[in-house]
Every structure is written in structure tokens, then in C-alpha cells.
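Notes to accompany the following structure.
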Amino acid sequence: MKDIKEISIREGIIKRAFDYEDSDADLIITYKYFEEKFKDLYQSYADIFCLDNCVFYISEDYYRCNAFAGKIEDYNIIGITNGYPILMKNKFDDKYFSNIICIGFINEQSISDAYVDLYEDQNFKFDEFMLNCSIQYTFSHEFQHILQFNSFKISKNFLYSENLDKNGFSLKKHAREFDADRMASFEVLKYTFSVYSSLNDKNNEKFKCMLYIALASIVITKNLFYFGLTNPIDSECTIDKQDFYIKQYSHPHPLVRIYSMLEYFYVNIKNDFPELNIDPQEILNNVVGISKIYFDNIIPNQNIMQNFFESSKKFINEINCYNQELYNVAIKDKYIKALLKKRGIKF
């Protein structure tokens with residue numbers, strides 16, 4: 001993948017590539033961690049789906065936290081801005097999860113004990129696991145766009161960015177984002193199972209807790225964007241919440257996306273792990289509880305999750321109706337349908 005990147009830079013396919021080698025030592029460690037994670041994931045998925053000319057790179061745009069996917073000439077490009085690793089490393093710092101064990105108080109004793117077991121497990125770190133779930137989600141979302149581009153057999157260059165573009169709206173584009181979100185949440189579920197499988201001490205309650213933590217990571221990631229907390233250099237964590245909308249802009253509203261992924265995550269747990277007897281209300285309680293602990297630590301006295309719930313309650317009918325519409329559009333799209341069948345996914 002390195003040689004392809006150098007060729008694409010030389011040919012002008014990649015512009016504004018960021019070289020972190022002259023950064024401070026701590027920053028080099030951070031950038032290298034994210035670069036290796038994304039490159040390893042891309043190499044693995046490219047091999048599975050038989051894709052050539054796959055390039056990952058970090059783009060020079062420190063003031064924005066962004067991820068993107070593109071089909072430029074014959075190159076399949078996935079990238080992140082150099083602001084993304086800084087923001088995500090800071091936002092998923094261990095200090096924000098120091099009292100996450102308190103989530104046990106809202107659960108039955110068996111689940112509460114499982115959270116304690118995870119907390120005390122030397123081979124499991126809450127902050128590292130949540131960060132890696134967030135990375136898995138971001139990569140998988142962008143990789144699904146790569147599969148979409150190759151399925152469409154496009155004849156022109158395409159580039160999808162995760163940052164919201166307010167210039168224009170396309171229902172098909174929203175359906176593709178809907179598809180990418182759902183596939184990304186499914187990949188996080190698979191990643192969670194792989195981490196769980198590597199633990200020495202395993203039981204259903206511990207696996208449930210890991211699923212709640214993984215889904216909370218996705219919800220936290222999307223809420224960082226929803227509440228405008230994605231400026232890598234904003235140490236004050238200034239809130240700038242997006243107004244609710246339907247059928248506008250480049251992406252569905254974060255609330256629409258969150259509830260779509262919550263539903264799809266639950267459906268796949270129920271289908272793939274019926275022995276867990278998973279309860280949707282228990283999922284919601286734990287995901288919201290973990291998110292509240294996190295946001296209360298990162299922005300004290302702002303009550304982000306109360307704001308989240310008030311908006312959810314106000315717009316839930318529109319959210320559900322629009323997600324159903326996006327589902328109907330997606331499964332009628334011959335290219336998305338072909339990808340679903342290729343992956344053996346029921347719809």
C-alpha cells in the first residue's frame with residue numbers, strides 16, 4: 001500500500017498529504033497509531049473484497065476532524081484529516097471513563113458484576129476499546145463507500161466527505177450514507193465479538209456489557225458531531241448543536257443516523273446471538289448511561305444527554321419515518337442490493 005501511495009502522490013492523485021515525522025514525539029505516536037490502524041484495516045478488507053489500488057493517507061487539514069472516501073481515476077482512496085487523530089485521541093482519553101463503572105448501578109446484579117469484571121480485567125481497557133470501536137466504525141463507513149463506488153461502475157471521480165455539506169441534497173446520497181452507517185455498525189459488532197473471543201474469562205453478561213460499550217462508542221462519536229464538538233483545537237468544548245432537518249444537505253441528520261444504527265445493531269445482536277436474550281430497552285439504558293457518564297465528564301453542567309433525549313422525543317416520529325424511507329430507497333437501489341447480497345446480508 002505504501003508504494004501505491006507514493007505513486008498516487010507523484011501522479012497528483014493525492015494532494016496535501018500530511019507528513020507527521022517532524023511533529024512532537026507524542027504526536028508522532030498518535031499519528032502512527034491511527035495510520036497503522038486504518039492501513040491494516042484497509043489491507044485486510046481490500047484482500048477480502050479483491051480490491052486493487054487501495055490508498056490510505058492523512059490529509060493536511062488540522063482545523064477539521066474529517067474522514068473521506070474517493071474513487072479518483074483507478075485509485076480507491078480512504079483518508080482522514082490530521083485533525084482527526086488529535087481530536088479522537090483526546091476525546092477518548094482514559095480520564096473521561098474513570099467512573100464508567102458507575103453504569104453498573106442501573107443494571108441487574110449479574111450485569112453490574114460483569115462491568116466490574118471488565119474493569120478489573122488486565123487485558124481490557126475501556127478507553128482503548130471505545131476508541132478502536134470508533135475507528136472501526138469510521139473506517140467501515142468509508143470502506144462501504146468504496147464498495148459503493150466500485151459497484152456503481154462510475155466513470156468520473158467521486159469523493160464523499162464525512163463533514164456536512166449544506167450545498168445541495170440527494171435522496172440517493174442519503175440512502176448511501178444510510179447503507180454505510182448500517183454496514184459500519186455491523187462491522188463494530190463483529191469487532192466486538194473478536195475482542196470478546198480473545199478474553200480468558202467469558203460469559204454472556206460480559207459480552208452484553210461489551211456490546212453496550214461498543215454501541216455507546218458509536219453514539220458518542222456521532223454526538224460529538226451533532227453537538228459541534230469536533231474542533232481539534234477547541235479546548236473549551238464549545239457546543240454548536242445542529243438544527244434538526246429532513247431531506248437537506250449531504251448527510252442525514254445525526255439523530256436520524258444514530259437511531260438507524262441503534263435499531264440495526266439490536267437486530268443483528270438478536271439474529272446472530274439469540275442466546276443473549278437481548279432487550280432493546282436495556283441496550284438503550286446502557287448506551288445512554290455510558291454516554292451520559294462520558295459527556296458529564298467532558299462537559300460538566302451542560303447535560304448533553306438530556307438535550308439529546310429532548311430532541312429525540314420531539315422529532316422521533318420524523319426520525320423513524322425518514323429512516324424507513326431511506327431503507328425503502330436503499331433496498332430498491334440495484335447497486336446497494338447487489339452489495340447486500342454479496343455480503344450475504346438479509347434485508
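Letters A, B, ... mark the chains of the C-alpha cells in the order given; residue numbers begin at 1 per chain; ligand numbers begin at 1, in order shown.
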Residue neighbourhood region 199-202 of chain A, 12 Å, only C-alpha atoms, exclusion window fewer than 4 positions, as a PDB file with N, CA, C and O atoms, in the first residue's frame:
ATOM      1  N   ALA A 114     -20.543  -7.971  35.812  1.00  0.00           N
ATOM      2  CA  ALA A 114     -19.792  -8.138  34.563  1.00  0.00           C
ATOM      3  C   ALA A 114     -19.018  -6.871  34.216  1.00  0.00           C
ATOM      4  O   ALA A 114     -17.877  -6.948  33.727  1.00  0.00           O
ATOM      5  N   ASP A 117     -16.017  -6.944  36.363  1.00  0.00           N
ATOM      6  CA  ASP A 117     -15.048  -7.915  35.840  1.00  0.00           C
ATOM      7  C   ASP A 117     -14.256  -7.326  34.673  1.00  0.00           C
ATOM      8  O   ASP A 117     -13.039  -7.517  34.566  1.00  0.00           O
ATOM      9  N   LEU A 118     -14.954  -6.629  33.779  1.00  0.00           N
ATOM     10  CA  LEU A 118     -14.265  -5.988  32.655  1.00  0.00           C
ATOM     11  C   LEU A 118     -13.298  -4.920  33.142  1.00  0.00           C
ATOM     12  O   LEU A 118     -12.170  -4.795  32.649  1.00  0.00           O
ATOM     13  N   GLU A 120     -11.756  -4.746  35.875  1.00  0.00           N
ATOM     14  CA  GLU A 120     -10.603  -5.328  36.569  1.00  0.00           C
ATOM     15  C   GLU A 120      -9.766  -6.236  35.668  1.00  0.00           C
ATOM     16  O   GLU A 120      -8.689  -6.685  36.074  1.00  0.00           O
ATOM     17  N   ASP A 121     -10.235  -6.499  34.458  1.00  0.00           N
ATOM     18  CA  ASP A 121      -9.521  -7.364  33.531  1.00  0.00           C
ATOM     19  C   ASP A 121      -8.288  -6.626  32.983  1.00  0.00           C
ATOM     20  O   ASP A 121      -8.419  -5.587  32.331  1.00  0.00           O
ATOM     21  N   GLN A 122      -7.108  -7.160  33.230  1.00  0.00           N
ATOM     22  CA  GLN A 122      -5.868  -6.520  32.790  1.00  0.00           C
ATOM     23  C   GLN A 122      -5.725  -6.492  31.273  1.00  0.00           C
ATOM     24  O   GLN A 122      -4.941  -5.697  30.733  1.00  0.00           O
ATOM     25  N   ASN A 123      -6.472  -7.338  30.593  1.00  0.00           N
ATOM     26  CA  ASN A 123      -6.394  -7.400  29.127  1.00  0.00           C
ATOM     27  C   ASN A 123      -7.461  -6.557  28.434  1.00  0.00           C
ATOM     28  O   ASN A 123      -7.601  -6.632  27.202  1.00  0.00           O
ATOM     29  N   PHE A 124      -8.208  -5.782  29.214  1.00  0.00           N
ATOM     30  CA  PHE A 124      -9.274  -4.961  28.627  1.00  0.00           C
ATOM     31  C   PHE A 124      -9.205  -3.549  29.196  1.00  0.00           C
ATOM     32  O   PHE A 124      -9.189  -3.358  30.405  1.00  0.00           O
ATOM     33  N   LYS A 125      -9.158  -2.571  28.289  1.00  0.00           N
ATOM     34  CA  LYS A 125      -9.162  -1.164  28.691  1.00  0.00           C
ATOM     35  C   LYS A 125     -10.356  -0.471  28.043  1.00  0.00           C
ATOM     36  O   LYS A 125     -10.493  -0.495  26.818  1.00  0.00           O
ATOM     37  N   THR A 192     -16.386  -6.292  18.062  1.00  0.00           N
ATOM     38  CA  THR A 192     -16.645  -6.529  19.485  1.00  0.00           C
ATOM     39  C   THR A 192     -16.583  -8.016  19.817  1.00  0.00           C
ATOM     40  O   THR A 192     -15.993  -8.421  20.827  1.00  0.00           O
ATOM     41  N   PHE A 193     -17.174  -8.828  18.952  1.00  0.00           N
ATOM     42  CA  PHE A 193     -17.138 -10.272  19.178  1.00  0.00           C
ATOM     43  C   PHE A 193     -15.705 -10.799  19.117  1.00  0.00           C
ATOM     44  O   PHE A 193     -15.328 -11.689  19.889  1.00  0.00           O
ATOM     45  N   SER A 194     -14.883 -10.265  18.214  1.00  0.00           N
ATOM     46  CA  SER A 194     -13.495 -10.727  18.101  1.00  0.00           C
ATOM     47  C   SER A 194     -12.703 -10.383  19.357  1.00  0.00           C
ATOM     48  O   SER A 194     -11.876 -11.187  19.808  1.00  0.00           O
ATOM     49  N   VAL A 195     -12.946  -9.193  19.932  1.00  0.00           N
ATOM     50  CA  VAL A 195     -12.252  -8.817  21.168  1.00  0.00           C
ATOM     51  C   VAL A 195     -12.739  -9.679  22.325  1.00  0.00           C
ATOM     52  O   VAL A 195     -11.938 -10.171  23.140  1.00  0.00           O
ATOM     53  N   LYS A 206     -20.806 -10.552  30.350  1.00  0.00           N
ATOM     54  CA  LYS A 206     -19.648  -9.737  29.963  1.00  0.00           C
ATOM     55  C   LYS A 206     -19.737  -9.330  28.493  1.00  0.00           C
ATOM     56  O   LYS A 206     -19.423  -8.186  28.127  1.00  0.00           O
ATOM     57  N   PHE A 207     -20.186 -10.256  27.642  1.00  0.00           N
ATOM     58  CA  PHE A 207     -20.349  -9.938  26.225  1.00  0.00           C
ATOM     59  C   PHE A 207     -21.406  -8.855  26.035  1.00  0.00           C
ATOM     60  O   PHE A 207     -21.234  -7.932  25.228  1.00  0.00           O
ATOM     61  N   LYS A 208     -22.502  -8.948  26.777  1.00  0.00           N
ATOM     62  CA  LYS A 208     -23.526  -7.905  26.712  1.00  0.00           C
ATOM     63  C   LYS A 208     -22.931  -6.536  27.045  1.00  0.00           C
ATOM     64  O   LYS A 208     -23.174  -5.549  26.338  1.00  0.00           O
ATOM     65  N   CYS A 209     -22.165  -6.469  28.114  1.00  0.00           N
ATOM     66  CA  CYS A 209     -21.555  -5.196  28.516  1.00  0.00           C
ATOM     67  C   CYS A 209     -20.668  -4.646  27.411  1.00  0.00           C
ATOM     68  O   CYS A 209     -20.685  -3.437  27.130  1.00  0.00           O
ATOM     69  N   MET A 210     -19.897  -5.513  26.773  1.00  0.00           N
ATOM     70  CA  MET A 210     -19.026  -5.067  25.690  1.00  0.00           C
ATOM     71  C   MET A 210     -19.829  -4.546  24.502  1.00  0.00           C
ATOM     72  O   MET A 210     -19.431  -3.577  23.843  1.00  0.00           O
TER      73      MET A 210
END
**Study point:** Within 7 Å of region 261-273 of chain A using only C-alpha atoms, minus same-chain residues under 6 positions, as a ChimeraX atom specification
**Key:** /A:181-182,185-186,280
Store the residues picked out above, limited to N, CA, C and O atoms, as a compact mmCIF listing (two decimals), in the first residue's frame.
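Okay, this is what ended up in again_16.txt:
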# COMPACT_ATOMS: atom_id res chain seq x y z
N ASP A 181 -23.67 3.62 7.12
CA ASP A 181 -23.81 3.63 8.58
C ASP A 181 -24.18 2.24 9.11
O ASP A 181 -23.62 1.77 10.11
N ARG A 182 -25.13 1.61 8.48
CA ARG A 182 -25.60 0.31 8.95
C ARG A 182 -24.51 -0.76 8.80
O ARG A 182 -24.30 -1.58 9.70
N SER A 185 -21.93 -0.17 11.53
CA SER A 185 -22.35 -0.63 12.85
C SER A 185 -22.24 -2.15 12.94
O SER A 185 -21.89 -2.70 13.99
N PHE A 186 -22.52 -2.85 11.82
CA PHE A 186 -22.39 -4.30 11.79
C PHE A 186 -20.93 -4.72 11.97
O PHE A 186 -20.63 -5.70 12.67
N PRO A 280 -34.11 -4.54 24.03
CA PRO A 280 -33.83 -3.23 23.42
C PRO A 280 -33.81 -2.10 24.44
O PRO A 280 -33.02 -1.15 24.30
Exercise for review: Write down as an NGL selection string the residues of region 93-176 of chain A whose backbone DSSP state falls under strand (DSSP E or B).
Suggested key: :A and (158-161)
Export of prior selection with C-alpha atoms as a PDB file, in the first residue's frame:
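What landed in again_27.pdb:
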ATOM      1  CA  PHE A 158     -16.122  10.665  -6.749  1.00  0.00           C
ATOM      2  CA  LEU A 159     -15.284  11.904  -3.265  1.00  0.00           C
ATOM      3  CA  TYR A 160     -17.530  11.591  -0.208  1.00  0.00           C
ATOM      4  CA  SER A 161     -16.565  13.512   2.917  1.00  0.00           C
TER       5      SER A 161
END
Hey, could you make a per-residue contact list for region 127-237 of chain A against region 22-40 of chain A with 10 Å as the cut-off, showing the nearest pair of atoms and its distance in Å to one decimal, counting only C-alpha atoms, sorted by chain and number, as a Markdown table?
| residue | atom | partner | partner_atom | distance |
| --- | --- | --- | --- | --- |
| A:Asn132 | CA | A:Lys37 | CA | 8.5 |
| A:Ile135 | CA | A:Phe38 | CA | 7.7 |
| A:Gln136 | CA | A:Phe38 | CA | 8.4 |
| A:Thr138 | CA | A:Phe38 | CA | 9.4 |
| A:Phe139 | CA | A:Phe38 | CA | 6.7 |
| A:Ser140 | CA | A:Phe38 | CA | 9.7 |
Exercise for review: Grab the CA of Asp240 (chain A) to CA of Met305 (chain A) distance for me, in Å with one decimal place.
Suggested key: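 Those two atoms sit 14.5 Å apart.
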For region 6-103 of chain A against region 215-227 of chain A, with a cut-off of 10 Å and counting only C-alpha atoms, what is the closest atom pair and its distance in Å to one decimal for every residue that makes the cut, ordered by chain and number, as JSON lines?
{"residue": "A:Cys65", "atom": "CA", "partner": "A:Phe225", "partner_atom": "CA", "distance": 9.3}
{"residue": "A:Met88", "atom": "CA", "partner": "A:Thr221", "partner_atom": "CA", "distance": 8.7}
{"residue": "A:Lys91", "atom": "CA", "partner": "A:Leu224", "partner_atom": "CA", "distance": 9.0}
{"residue": "A:Phe92", "atom": "CA", "partner": "A:Ser217", "partner_atom": "CA", "distance": 9.2}
Residues just named, written with N, CA, C and O atoms as a PDB file, in the first residue's frame:
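As a result, part34.pdb now contains:
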ATOM      1  N   CYS A  65     -11.997  17.906  11.787  1.00  0.00           N
ATOM      2  CA  CYS A  65     -11.964  16.465  12.033  1.00  0.00           C
ATOM      3  C   CYS A  65     -12.822  15.825  10.957  1.00  0.00           C
ATOM      4  O   CYS A  65     -14.040  16.005  10.940  1.00  0.00           O
ATOM      5  N   MET A  88      -9.829  12.630  18.268  1.00  0.00           N
ATOM      6  CA  MET A  88     -10.319  11.358  18.775  1.00  0.00           C
ATOM      7  C   MET A  88      -9.456  10.827  19.917  1.00  0.00           C
ATOM      8  O   MET A  88      -9.979  10.260  20.877  1.00  0.00           O
ATOM      9  N   LYS A  91     -10.529  12.976  22.874  1.00  0.00           N
ATOM     10  CA  LYS A  91     -11.909  12.745  23.323  1.00  0.00           C
ATOM     11  C   LYS A  91     -12.098  11.368  23.952  1.00  0.00           C
ATOM     12  O   LYS A  91     -13.024  11.189  24.746  1.00  0.00           O
ATOM     13  N   PHE A  92     -11.255  10.406  23.575  1.00  0.00           N
ATOM     14  CA  PHE A  92     -11.371   9.071  24.155  1.00  0.00           C
ATOM     15  C   PHE A  92     -10.242   8.809  25.154  1.00  0.00           C
ATOM     16  O   PHE A  92      -9.792   7.683  25.314  1.00  0.00           O
TER      17      PHE A  92
END
Review point. So which one's closest to Asn66 (chain A), A:Phe315, A:Gly83, A:His145, A:Pro254? Using only C-alpha atoms, please.
Key: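 The answer is A:Gly83, which sits nearest to Asn66 (chain A).
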Check your understanding: Which parts of region 232-322 of chain A does DSSP call alpha helix (DSSP H) when run on the backbone here, written out as a PyMOL selection string?
Key -> chain A and resi 254-272+280-298+304-322
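Neighbouring residues of Arg64 (chain A) at 8 Å or closer, counting only C-alpha atoms and skipping chain neighbours under 3 positions away, are Asp61, Thr81, Gly83, Tyr84, Thr230, Asn231 and Pro232 of chain A.
Reported to one decimal place, the separation of CA of Lys71 (chain A) from CA of Lys334 (chain A) is 19.4 Å.
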Check your understanding: How many Å lie between CA of Phe68 (chain A) and CA of Glu162 (chain A), rounded to one decimal?
Key ->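 One can read the CA of Phe68 (chain A) to CA of Glu162 (chain A) distance as 5.9 Å.
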